[in-house]
$ cat structure.pdb   # PDB, C-alpha atoms
ATOM      1  CA  ILE A  45     -43.941 -21.485   9.484
ATOM      2  CA  LEU A  46     -45.143 -18.875  11.959
ATOM      3  CA  PRO A  47     -46.666 -19.951  15.271
ATOM      4  CA  SER A  48     -50.410 -19.435  15.527
ATOM      5  CA  PHE A  49     -52.043 -16.904  17.809
ATOM      6  CA  HIS A  50     -55.533 -16.607  19.223
ATOM      7  CA  TYR A  51     -57.158 -13.159  19.047
ATOM      8  CA  MET A  52     -59.220 -12.298  22.130
ATOM      9  CA  SER A  53     -61.560  -9.310  22.295
ATOM     10  CA  GLN A  54     -62.195  -9.619  26.048
ATOM     11  CA  ASN A  55     -60.597 -11.125  29.151
ATOM     12  CA  VAL A  56     -60.998 -14.863  29.668
ATOM     13  CA  ILE A  57     -61.038 -16.299  33.190
ATOM     14  CA  SER A  58     -59.252 -19.625  33.673
ATOM     15  CA  HIS A  59     -61.422 -22.400  35.125
ATOM     16  CA  ASN A  60     -59.291 -22.360  38.298
ATOM     17  CA  ALA A  61     -59.346 -18.595  38.850
ATOM     18  CA  ASN A  62     -62.054 -17.357  41.179
ATOM     19  CA  VAL A  63     -62.985 -13.808  40.200
ATOM     20  CA  VAL A  64     -66.010 -12.515  42.078
ATOM     21  CA  PHE A  65     -67.474  -9.177  41.124
ATOM     22  CA  SER A  66     -70.954  -8.112  42.130
ATOM     23  CA  LEU A  67     -72.835  -5.125  40.732
ATOM     24  CA  ASN A  68     -74.645  -4.952  44.093
ATOM     25  CA  GLU A  69     -71.388  -3.804  45.735
ATOM     26  CA  ILE A  70     -71.331  -0.675  43.599
ATOM     27  CA  GLY A  71     -72.793   2.363  45.338
ATOM     28  CA  GLU A  72     -74.315   5.547  43.929
ATOM     29  CA  LYS A  73     -70.962   7.354  44.128
ATOM     30  CA  ASP A  74     -69.535   4.827  41.622
ATOM     31  CA  TYR A  75     -71.790   5.802  38.712
ATOM     32  CA  CYS A  76     -73.681   8.832  37.441
ATOM     33  CA  PHE A  77     -77.351   7.950  37.793
ATOM     34  CA  SER A  78     -78.568  11.549  37.361
ATOM     35  CA  CYS A  79     -76.654  12.405  34.154
ATOM     36  CA  HIS A  80     -78.637  12.392  30.909
ATOM     37  CA  SER A  81     -76.460  13.144  27.888
ATOM     38  CA  ASP A  82     -72.738  13.989  27.761
ATOM     39  CA  CYS A  83     -70.970  14.009  31.130
ATOM     40  CA  SER A  84     -67.847  15.729  29.811
ATOM     41  CA  SER A  85     -69.904  18.920  29.386
ATOM     42  CA  VAL A  86     -71.303  18.802  32.973
ATOM     43  CA  ALA A  87     -68.172  17.504  34.723
ATOM     44  CA  SER A  88     -68.931  19.133  38.067
ATOM     45  CA  SER A  89     -72.103  17.089  38.646
ATOM     46  CA  CYS A  90     -70.996  13.711  37.217
ATOM     47  CA  ASN A  91     -69.923  11.131  39.825
ATOM     48  CA  CYS A  92     -67.719   9.294  37.309
ATOM     49  CA  ILE A  93     -65.817  12.430  36.339
ATOM     50  CA  GLN A  94     -65.419  13.302  40.042
ATOM     51  CA  TRP A  95     -63.273  10.126  40.267
ATOM     52  CA  ASN A  96     -61.068  11.826  37.636
ATOM     53  CA  ARG A  97     -60.364  14.803  39.956
ATOM     54  CA  GLY A  98     -63.480  16.594  38.768
ATOM     55  CA  GLU A  99     -62.201  17.174  35.236
ATOM     56  CA  SER A 100     -62.919  15.227  32.091
ATOM     57  CA  PRO A 101     -59.725  13.348  31.163
ATOM     58  CA  TYR A 102     -60.770  13.545  27.499
ATOM     59  CA  THR A 103     -60.835  16.430  25.048
ATOM     60  CA  SER A 104     -63.943  17.096  22.935
ATOM     61  CA  ASN A 105     -62.283  14.956  20.198
ATOM     62  CA  GLY A 106     -62.056  11.915  22.505
ATOM     63  CA  LEU A 107     -58.293  12.223  23.065
ATOM     64  CA  VAL A 108     -56.700  11.970  26.507
ATOM     65  CA  SER A 109     -55.854  15.506  27.608
ATOM     66  CA  GLU A 110     -52.263  16.745  27.387
ATOM     67  CA  GLU A 111     -52.180  17.413  31.161
ATOM     68  CA  PHE A 112     -53.267  13.855  31.995
ATOM     69  CA  LEU A 113     -50.671  12.396  29.597
ATOM     70  CA  GLU A 114     -47.878  14.528  31.081
ATOM     71  CA  GLU A 115     -48.733  13.330  34.603
ATOM     72  CA  CYS A 116     -48.671   9.690  33.459
ATOM     73  CA  ILE A 117     -45.297  10.206  31.764
ATOM     74  CA  SER A 118     -43.924  11.830  34.923
ATOM     75  CA  ILE A 119     -45.056   8.867  37.047
ATOM     76  CA  ALA A 120     -43.440   6.393  34.640
ATOM     77  CA  ARG A 121     -40.145   8.308  34.414
ATOM     78  CA  SER A 122     -39.763   9.159  38.115
ATOM     79  CA  PRO A 123     -41.673   6.532  40.089
ATOM     80  CA  GLN A 124     -39.895   7.305  43.381
ATOM     81  CA  LYS A 125     -41.167  10.904  43.318
ATOM     82  CA  HIS A 126     -44.754   9.651  43.353
ATOM     83  CA  TYR A 127     -46.875   7.866  45.917
ATOM     84  CA  LEU A 128     -46.056   4.199  46.520
ATOM     85  CA  ARG A 129     -48.546   1.852  48.174
ATOM     86  CA  TYR A 130     -47.242  -0.910  50.442
ATOM     87  CA  CYS A 131     -49.222  -4.061  51.205
ATOM     88  CA  LYS A 132     -49.086  -6.313  54.267
ATOM     89  CA  GLU A 133     -48.877  -9.530  52.236
ATOM     90  CA  CYS A 134     -47.514  -8.585  48.838
ATOM     91  CA  PRO A 135     -48.819 -10.848  46.029
ATOM     92  CA  LEU A 136     -45.653 -10.158  44.040
ATOM     93  CA  GLU A 137     -43.433 -11.337  46.899
ATOM     94  CA  ARG A 138     -45.816 -14.274  47.523
ATOM     95  CA  SER A 139     -45.432 -15.365  43.872
ATOM     96  CA  LYS A 140     -41.627 -15.499  44.339
ATOM     97  CA  ASN A 141     -41.636 -17.524  47.562
ATOM     98  CA  GLU A 142     -44.770 -18.832  49.305
ATOM     99  CA  ASP A 143     -42.944 -19.932  52.469
ATOM    100  CA  MET A 144     -40.929 -16.857  53.387
ATOM    101  CA  LEU A 145     -42.386 -13.526  52.341
ATOM    102  CA  ASP A 146     -40.057 -10.588  51.856
ATOM    103  CA  PRO A 147     -41.478  -7.166  52.750
ATOM    104  CA  CYS A 148     -43.373  -5.369  50.004
ATOM    105  CA  LYS A 149     -41.112  -3.101  47.941
ATOM    106  CA  GLY A 150     -44.021  -0.787  47.096
ATOM    107  CA  HIS A 151     -46.439  -0.472  44.197
ATOM    108  CA  LEU A 152     -46.795   2.702  42.206
ATOM    109  CA  LYS A 153     -50.198   4.326  42.518
ATOM    110  CA  ARG A 154     -50.873   4.895  38.838
ATOM    111  CA  LYS A 155     -53.378   7.287  37.314
ATOM    112  CA  PHE A 156     -56.497   5.831  35.798
ATOM    113  CA  ILE A 157     -59.579   7.049  33.960
ATOM    114  CA  LYS A 158     -63.007   6.225  35.376
ATOM    115  CA  GLU A 159     -65.392   6.019  32.449
ATOM    116  CA  CYS A 160     -69.167   6.083  32.582
ATOM    117  CA  TRP A 161     -70.726   2.642  32.056
ATOM    118  CA  THR A 162     -73.990   0.672  31.767
ATOM    119  CA  LYS A 163     -75.393   1.734  35.169
ATOM    120  CA  CYS A 164     -74.963   5.429  34.297
ATOM    121  CA  GLY A 165     -77.850   7.559  33.094
ATOM    122  CA  CYS A 166     -75.890   9.278  30.329
ATOM    123  CA  SER A 167     -75.960   8.469  26.619
ATOM    124  CA  ARG A 168     -73.804   5.649  25.253
ATOM    125  CA  TYR A 169     -72.170   8.376  23.140
ATOM    126  CA  CYS A 170     -71.162  10.324  26.272
ATOM    127  CA  GLY A 171     -67.711  11.963  25.987
ATOM    128  CA  ASN A 172     -66.609   9.926  29.017
ATOM    129  CA  ARG A 173     -67.125   6.578  27.208
ATOM    130  CA  VAL A 174     -64.146   6.449  24.850
ATOM    131  CA  VAL A 175     -62.781   2.926  25.449
ATOM    132  CA  GLN A 176     -66.274   1.420  25.080
ATOM    133  CA  GLN A 177     -66.487   2.729  21.507
ATOM    134  CA  GLY A 178     -63.822   0.188  20.533
ATOM    135  CA  ILE A 179     -60.996   0.240  18.005
ATOM    136  CA  LYS A 180     -61.155   3.180  15.582
ATOM    137  CA  TYR A 181     -57.819   2.799  13.751
ATOM    138  CA  ASN A 182     -56.504   0.178  11.332
ATOM    139  CA  LEU A 183     -54.124  -2.099  13.210
ATOM    140  CA  GLN A 184     -52.106  -5.090  12.061
ATOM    141  CA  VAL A 185     -50.858  -8.116  14.008
ATOM    142  CA  PHE A 186     -47.389  -9.041  12.698
ATOM    143  CA  TRP A 187     -44.449 -11.317  13.483
ATOM    144  CA  THR A 188     -41.518  -9.176  14.629
ATOM    145  CA  PRO A 189     -38.406  -9.482  12.457
ATOM    146  CA  GLU A 190     -36.199  -9.779  15.569
ATOM    147  CA  GLY A 191     -38.057 -12.953  16.574
ATOM    148  CA  LYS A 192     -39.560 -11.400  19.723
ATOM    149  CA  GLY A 193     -42.988 -12.803  18.903
ATOM    150  CA  TRP A 194     -46.209 -11.257  17.699
ATOM    151  CA  GLY A 195     -46.526  -7.482  17.654
ATOM    152  CA  LEU A 196     -49.166  -4.891  16.860
ATOM    153  CA  ARG A 197     -48.652  -1.892  14.600
ATOM    154  CA  THR A 198     -50.794   0.816  13.111
ATOM    155  CA  LEU A 199     -51.506   1.186   9.418
ATOM    156  CA  GLU A 200     -52.366   4.867   9.744
ATOM    157  CA  GLU A 201     -51.285   7.879  11.774
ATOM    158  CA  ILE A 202     -52.806   7.927  15.274
ATOM    159  CA  PRO A 203     -53.094  11.259  17.122
ATOM    160  CA  LYS A 204     -51.347  11.653  20.484
ATOM    161  CA  GLY A 205     -53.730  10.691  23.304
ATOM    162  CA  ALA A 206     -56.021   8.535  21.142
ATOM    163  CA  PHE A 207     -57.396   5.235  22.422
ATOM    164  CA  VAL A 208     -55.758   2.450  20.400
ATOM    165  CA  CYS A 209     -57.067  -0.848  21.782
ATOM    166  CA  GLU A 210     -57.827  -2.597  25.045
ATOM    167  CA  TYR A 211     -55.137  -4.907  26.450
ATOM    168  CA  VAL A 212     -56.867  -8.153  27.404
ATOM    169  CA  GLY A 213     -55.769 -11.664  28.225
ATOM    170  CA  GLU A 214     -56.409 -14.738  30.316
ATOM    171  CA  ILE A 215     -56.824 -14.381  34.091
ATOM    172  CA  LEU A 216     -54.959 -17.169  35.920
ATOM    173  CA  THR A 217     -54.141 -18.065  39.482
ATOM    174  CA  ASN A 218     -50.458 -17.886  40.486
ATOM    175  CA  ALA A 219     -50.415 -21.701  40.738
ATOM    176  CA  GLU A 220     -51.770 -22.129  37.183
ATOM    177  CA  LEU A 221     -49.282 -19.578  35.812
ATOM    178  CA  HIS A 222     -46.400 -21.402  37.504
ATOM    179  CA  LYS A 223     -47.609 -24.751  36.073
ATOM    180  CA  ARG A 224     -47.852 -23.328  32.550
ATOM    181  CA  ASN A 225     -44.444 -21.669  32.798
ATOM    182  CA  LEU A 226     -42.898 -25.043  33.693
ATOM    183  CA  ARG A 227     -44.585 -26.647  30.656
ATOM    184  CA  ARG A 228     -43.513 -23.799  28.350
ATOM    185  CA  SER A 229     -39.908 -23.401  29.448
ATOM    186  CA  ASN A 230     -38.790 -23.066  25.792
ATOM    187  CA  ASP A 231     -41.519 -20.568  24.845
ATOM    188  CA  LYS A 232     -39.995 -17.080  24.845
ATOM    189  CA  HIS A 233     -43.253 -15.470  23.688
ATOM    190  CA  SER A 234     -45.296 -15.595  26.859
ATOM    191  CA  TYR A 235     -46.039 -12.392  28.752
ATOM    192  CA  SER A 236     -47.595 -12.355  32.201
ATOM    193  CA  VAL A 237     -48.699  -9.430  34.349
ATOM    194  CA  LEU A 238     -49.319  -9.913  38.066
ATOM    195  CA  LEU A 239     -52.539  -8.305  39.230
ATOM    196  CA  ASP A 240     -53.407  -7.823  42.892
ATOM    197  CA  THR A 241     -56.977  -9.133  43.083
ATOM    198  CA  ASP A 242     -57.264  -8.033  46.711
TER     199      ASP A 242
END
$ encode --input "structure.pdb" --output "structure tokens"
Amino acid sequence: ILPSFHYMSQNVISHNANVVFSLNEIGEKDYCFSCHSDCSSVASSCNCIQWNRGESPYTSNGLVSEEFLEECISIARSPQKHYLRYCKECPLERSKNEDMLDPCKGHLKRKFIKECWTKCGCSRYCGNRVVQQGIKYNLQVFWTPEGKGWGLRTLEEIPKGAFVCEYVGEILTNAELHKRNLRRSNDKHSYSVLLDTD
């Protein structure tokens, strides 16, 4: 009998996690209030695309551009060649030992895509709103034959640079994660990612 899984279409915040995000903190430079249709065609005047170095990261077909992909691959393959950010109190080091913090070993400054969103003046079909259009390909959740847990595979060919699906999960405090890990010591199929909420 296979273990059950719970499909989530958006992040869930644990009752103990305090995530505060206010739309009032977002300034005019963080959205494109003056755009009216498709920002990817008027990249030079769109505030959102300016966050993406002034160029649309997407092609006219909604695929991530080859240049953007190559930069991401380069960062992943040679992280030491790229910019590392160091923090004063590293959350990763704090999660290992609360009492005696080791110095931060550096965090890779990864590339990201700033998409237009609900505060923007552009159309919801803007070329800079790819992720918001949701899943476009047939995917299947399956139990891996090697016993590594649940996996996800495609049932059709997906073009290079296409959006597949959003990776979501439950947002926990470090204390809650530690508590759950102690309870689930036999569960090999748990995957946690440490996010710096500061």
$ axis_aligned_box --input "structure.pdb" --around "stretch 164-179 of chain A" --padding-each-side "4 Å" --output "lines of an AutoDock Vina configuration file"
center_x = -69.4
center_y = 6.1
center_z = 26.2
size_x = 24.9
size_y = 19.8
size_z = 24.3
$ residues_around --input "structure.pdb" --residues "A:Arg168" --least-positions-apart "2" --cutoff "12 Å" --atoms "only C-alpha atoms" --output "list in words"
Cys79, His80, Ser81, Asp82, Cys83, Glu159, Cys160, Trp161, Thr162, Lys163, Cys164, Gly165, Cys166, Cys170, Gly171, Asn172, Arg173, Val174, Val175, Gln176 and Gln177 of chain A
$ atom_distance --input "structure.pdb" --atom1 "atom CA of A:Phe156" --atom2 "atom CA of A:Pro101"
9.4 Å
$ residues_around --input "structure.pdb" --residues "A:Glu210" --least-positions-apart "6" --cutoff "10 Å" --atoms "all atoms listed in the file" --output "list in words"
Ser53, Gln54, Asn55, Val175, Gln176, Gly178 and Ile179 of chain A
$ closest_residue --input "structure.pdb" --among "A:Arg138, A:Tyr75, A:Gly205, A:Cys131" --to "A:Ser109" --atoms "only C-alpha atoms"
A:Gly205
$ closest_residue --input "structure.pdb" --among "A:Asp143, A:Cys209, A:Trp95, A:Arg154" --to "A:Arg129" --atoms "all atoms listed in the file"
A:Arg154
$ residues_around --input "structure.pdb" --residues "stretch 115-124 of chain A" --least-positions-apart "3" --cutoff "9 Å" --atoms "all atoms listed in the file" --output "VMD selection string"
chain A and resid 110 to 112 127 to 128 152 to 155
$ resolve_selection --input "structure.pdb" --expression "the PyMOL selection byres ((chain A and resi 56) around 7)" --output "VMD selection string"
chain A and resid 54 to 55 57 to 58 213 to 215
$ residues_near_point --input "structure.pdb" --point "(-70.3, 15.2, 40.9)" --cutoff "12 Å" --atoms "all atoms listed in the file" --output "number ranges by chain"
A: 72-79, 83-84, 86-100
$ atom_distance --input "structure.pdb" --atom1 "atom CA of A:Cys148" --atom2 "atom CA of A:Leu216"
21.7 Å
$ closest_residue --input "structure.pdb" --among "A:Ser236, A:Ile45, A:Asn105, A:Phe186" --to "A:Asn218" --atoms "all atoms listed in the file"
A:Ser236
$ atom_distance --input "structure.pdb" --atom1 "atom CA of A:Val185" --atom2 "atom CA of A:Val212"
14.7 Å
$ resolve_selection --input "structure.pdb" --expression "the PyMOL selection byres ((chain A and resi 47) around 10)" --output "PyMOL selection string"
chain A and resi 45-46+48-49+187+193-194
$ resolve_selection --input "structure.pdb" --expression "the PyMOL selection byres ((chain A and resi 107) around 8)" --output "list in words"
Tyr102, Thr103, Ser104, Asn105, Gly106, Val108, Ser109, Pro203, Lys204, Gly205, Ala206 and Phe207 of chain A
$ decode --input "structure.pdb" --residues "stretch 200-215 of chain A" --atoms "all heavy atoms" --output "PDB file, in the first residue's frame"
ATOM      1  N   GLU A 200       3.894  14.428 -21.570  1.00  0.00           N
ATOM      2  CA  GLU A 200       4.073  14.947 -22.923  1.00  0.00           C
ATOM      3  C   GLU A 200       5.401  15.691 -22.978  1.00  0.00           C
ATOM      4  O   GLU A 200       5.990  16.003 -21.951  1.00  0.00           O
ATOM      5  CB  GLU A 200       2.921  15.875 -23.313  1.00  0.00           C
ATOM      6  CG  GLU A 200       2.789  17.109 -22.424  1.00  0.00           C
ATOM      7  CD  GLU A 200       1.547  17.919 -22.736  1.00  0.00           C
ATOM      8  OE1 GLU A 200       1.501  18.514 -23.825  1.00  0.00           O
ATOM      9  OE2 GLU A 200       0.640  17.948 -21.895  1.00  0.00           O
ATOM     10  N   GLU A 201       5.867  15.971 -24.180  1.00  0.00           N
ATOM     11  CA  GLU A 201       7.132  16.681 -24.338  1.00  0.00           C
ATOM     12  C   GLU A 201       6.941  18.143 -23.925  1.00  0.00           C
ATOM     13  O   GLU A 201       5.970  18.790 -24.312  1.00  0.00           O
ATOM     14  CB  GLU A 201       7.602  16.601 -25.786  1.00  0.00           C
ATOM     15  CG  GLU A 201       9.042  17.014 -25.933  1.00  0.00           C
ATOM     16  CD  GLU A 201       9.601  16.626 -27.290  1.00  0.00           C
ATOM     17  OE1 GLU A 201       9.380  15.482 -27.711  1.00  0.00           O
ATOM     18  OE2 GLU A 201      10.250  17.488 -27.895  1.00  0.00           O
ATOM     19  N   ILE A 202       7.881  18.653 -23.130  1.00  0.00           N
ATOM     20  CA  ILE A 202       7.827  20.044 -22.675  1.00  0.00           C
ATOM     21  C   ILE A 202       9.007  20.780 -23.297  1.00  0.00           C
ATOM     22  O   ILE A 202      10.149  20.333 -23.175  1.00  0.00           O
ATOM     23  CB  ILE A 202       7.897  20.131 -21.131  1.00  0.00           C
ATOM     24  CG1 ILE A 202       6.691  19.420 -20.519  1.00  0.00           C
ATOM     25  CG2 ILE A 202       7.962  21.580 -20.671  1.00  0.00           C
ATOM     26  CD1 ILE A 202       6.699  19.372 -19.001  1.00  0.00           C
ATOM     27  N   PRO A 203       8.762  21.918 -23.952  1.00  0.00           N
ATOM     28  CA  PRO A 203       9.879  22.655 -24.565  1.00  0.00           C
ATOM     29  C   PRO A 203      10.834  23.228 -23.522  1.00  0.00           C
ATOM     30  O   PRO A 203      10.424  23.563 -22.406  1.00  0.00           O
ATOM     31  CB  PRO A 203       9.197  23.775 -25.349  1.00  0.00           C
ATOM     32  CG  PRO A 203       7.752  23.708 -25.054  1.00  0.00           C
ATOM     33  CD  PRO A 203       7.473  22.529 -24.188  1.00  0.00           C
ATOM     34  N   LYS A 204      12.099  23.337 -23.881  1.00  0.00           N
ATOM     35  CA  LYS A 204      13.114  23.930 -23.008  1.00  0.00           C
ATOM     36  C   LYS A 204      12.696  25.357 -22.659  1.00  0.00           C
ATOM     37  O   LYS A 204      12.329  26.140 -23.531  1.00  0.00           O
ATOM     38  CB  LYS A 204      14.466  23.945 -23.719  1.00  0.00           C
ATOM     39  CG  LYS A 204      15.594  24.509 -22.892  1.00  0.00           C
ATOM     40  CD  LYS A 204      16.897  24.460 -23.670  1.00  0.00           C
ATOM     41  CE  LYS A 204      18.051  24.994 -22.867  1.00  0.00           C
ATOM     42  NZ  LYS A 204      19.309  24.953 -23.632  1.00  0.00           N
ATOM     43  N   GLY A 205      12.743  25.690 -21.370  1.00  0.00           N
ATOM     44  CA  GLY A 205      12.406  27.037 -20.909  1.00  0.00           C
ATOM     45  C   GLY A 205      10.942  27.236 -20.568  1.00  0.00           C
ATOM     46  O   GLY A 205      10.537  28.320 -20.173  1.00  0.00           O
ATOM     47  N   ALA A 206      10.130  26.174 -20.689  1.00  0.00           N
ATOM     48  CA  ALA A 206       8.697  26.302 -20.387  1.00  0.00           C
ATOM     49  C   ALA A 206       8.464  26.247 -18.883  1.00  0.00           C
ATOM     50  O   ALA A 206       9.161  25.544 -18.157  1.00  0.00           O
ATOM     51  CB  ALA A 206       7.919  25.181 -21.074  1.00  0.00           C
ATOM     52  N   PHE A 207       7.458  26.981 -18.427  1.00  0.00           N
ATOM     53  CA  PHE A 207       7.032  26.890 -17.025  1.00  0.00           C
ATOM     54  C   PHE A 207       6.336  25.547 -16.854  1.00  0.00           C
ATOM     55  O   PHE A 207       5.462  25.185 -17.636  1.00  0.00           O
ATOM     56  CB  PHE A 207       6.084  28.041 -16.683  1.00  0.00           C
ATOM     57  CG  PHE A 207       5.414  27.877 -15.344  1.00  0.00           C
ATOM     58  CD1 PHE A 207       6.131  28.029 -14.179  1.00  0.00           C
ATOM     59  CD2 PHE A 207       4.074  27.538 -15.270  1.00  0.00           C
ATOM     60  CE1 PHE A 207       5.526  27.856 -12.941  1.00  0.00           C
ATOM     61  CE2 PHE A 207       3.458  27.363 -14.038  1.00  0.00           C
ATOM     62  CZ  PHE A 207       4.184  27.526 -12.874  1.00  0.00           C
ATOM     63  N   VAL A 208       6.724  24.791 -15.822  1.00  0.00           N
ATOM     64  CA  VAL A 208       6.126  23.480 -15.584  1.00  0.00           C
ATOM     65  C   VAL A 208       5.080  23.580 -14.482  1.00  0.00           C
ATOM     66  O   VAL A 208       3.899  23.344 -14.700  1.00  0.00           O
ATOM     67  CB  VAL A 208       7.204  22.426 -15.232  1.00  0.00           C
ATOM     68  CG1 VAL A 208       6.567  21.087 -14.927  1.00  0.00           C
ATOM     69  CG2 VAL A 208       8.208  22.300 -16.366  1.00  0.00           C
ATOM     70  N   CYS A 209       5.503  23.909 -13.265  1.00  0.00           N
ATOM     71  CA  CYS A 209       4.566  24.095 -12.165  1.00  0.00           C
ATOM     72  C   CYS A 209       5.265  24.854 -11.043  1.00  0.00           C
ATOM     73  O   CYS A 209       6.488  24.910 -10.993  1.00  0.00           O
ATOM     74  CB  CYS A 209       4.003  22.768 -11.660  1.00  0.00           C
ATOM     75  SG  CYS A 209       5.183  21.680 -10.867  1.00  0.00           S
ATOM     76  N   GLU A 210       4.475  25.414 -10.164  1.00  0.00           N
ATOM     77  CA  GLU A 210       5.010  26.171  -9.038  1.00  0.00           C
ATOM     78  C   GLU A 210       5.333  25.203  -7.906  1.00  0.00           C
ATOM     79  O   GLU A 210       4.568  24.279  -7.629  1.00  0.00           O
ATOM     80  CB  GLU A 210       3.969  27.191  -8.576  1.00  0.00           C
ATOM     81  CG  GLU A 210       4.466  28.161  -7.556  1.00  0.00           C
ATOM     82  CD  GLU A 210       3.425  29.226  -7.225  1.00  0.00           C
ATOM     83  OE1 GLU A 210       2.312  29.184  -7.758  1.00  0.00           O
ATOM     84  OE2 GLU A 210       3.757  30.103  -6.412  1.00  0.00           O
ATOM     85  N   TYR A 211       6.481  25.397  -7.258  1.00  0.00           N
ATOM     86  CA  TYR A 211       6.877  24.559  -6.129  1.00  0.00           C
ATOM     87  C   TYR A 211       6.357  25.227  -4.866  1.00  0.00           C
ATOM     88  O   TYR A 211       6.784  26.321  -4.510  1.00  0.00           O
ATOM     89  CB  TYR A 211       8.405  24.435  -6.090  1.00  0.00           C
ATOM     90  CG  TYR A 211       8.900  23.448  -5.066  1.00  0.00           C
ATOM     91  CD1 TYR A 211       9.007  22.097  -5.375  1.00  0.00           C
ATOM     92  CD2 TYR A 211       9.246  23.859  -3.793  1.00  0.00           C
ATOM     93  CE1 TYR A 211       9.458  21.180  -4.443  1.00  0.00           C
ATOM     94  CE2 TYR A 211       9.703  22.952  -2.853  1.00  0.00           C
ATOM     95  CZ  TYR A 211       9.805  21.618  -3.177  1.00  0.00           C
ATOM     96  OH  TYR A 211      10.247  20.706  -2.261  1.00  0.00           O
ATOM     97  N   VAL A 212       5.390  24.598  -4.217  1.00  0.00           N
ATOM     98  CA  VAL A 212       4.795  25.177  -3.012  1.00  0.00           C
ATOM     99  C   VAL A 212       4.893  24.181  -1.866  1.00  0.00           C
ATOM    100  O   VAL A 212       5.184  23.005  -2.065  1.00  0.00           O
ATOM    101  CB  VAL A 212       3.309  25.582  -3.236  1.00  0.00           C
ATOM    102  CG1 VAL A 212       3.188  26.630  -4.310  1.00  0.00           C
ATOM    103  CG2 VAL A 212       2.458  24.378  -3.570  1.00  0.00           C
ATOM    104  N   GLY A 213       4.638  24.658  -0.668  1.00  0.00           N
ATOM    105  CA  GLY A 213       4.681  23.779   0.487  1.00  0.00           C
ATOM    106  C   GLY A 213       4.177  24.485   1.720  1.00  0.00           C
ATOM    107  O   GLY A 213       3.481  25.495   1.643  1.00  0.00           O
ATOM    108  N   GLU A 214       4.520  23.953   2.868  1.00  0.00           N
ATOM    109  CA  GLU A 214       4.085  24.518   4.138  1.00  0.00           C
ATOM    110  C   GLU A 214       5.211  25.360   4.727  1.00  0.00           C
ATOM    111  O   GLU A 214       6.358  24.927   4.775  1.00  0.00           O
ATOM    112  CB  GLU A 214       3.709  23.392   5.104  1.00  0.00           C
ATOM    113  CG  GLU A 214       3.124  23.895   6.395  1.00  0.00           C
ATOM    114  CD  GLU A 214       2.695  22.779   7.328  1.00  0.00           C
ATOM    115  OE1 GLU A 214       3.040  21.603   7.065  1.00  0.00           O
ATOM    116  OE2 GLU A 214       2.041  23.082   8.329  1.00  0.00           O
ATOM    117  N   ILE A 215       4.893  26.569   5.173  1.00  0.00           N
ATOM    118  CA  ILE A 215       5.883  27.459   5.770  1.00  0.00           C
ATOM    119  C   ILE A 215       5.869  27.235   7.280  1.00  0.00           C
ATOM    120  O   ILE A 215       4.831  27.400   7.937  1.00  0.00           O
ATOM    121  CB  ILE A 215       5.576  28.931   5.422  1.00  0.00           C
ATOM    122  CG1 ILE A 215       5.609  29.110   3.899  1.00  0.00           C
ATOM    123  CG2 ILE A 215       6.561  29.866   6.125  1.00  0.00           C
ATOM    124  CD1 ILE A 215       5.129  30.465   3.423  1.00  0.00           C
TER     125      ILE A 215
END
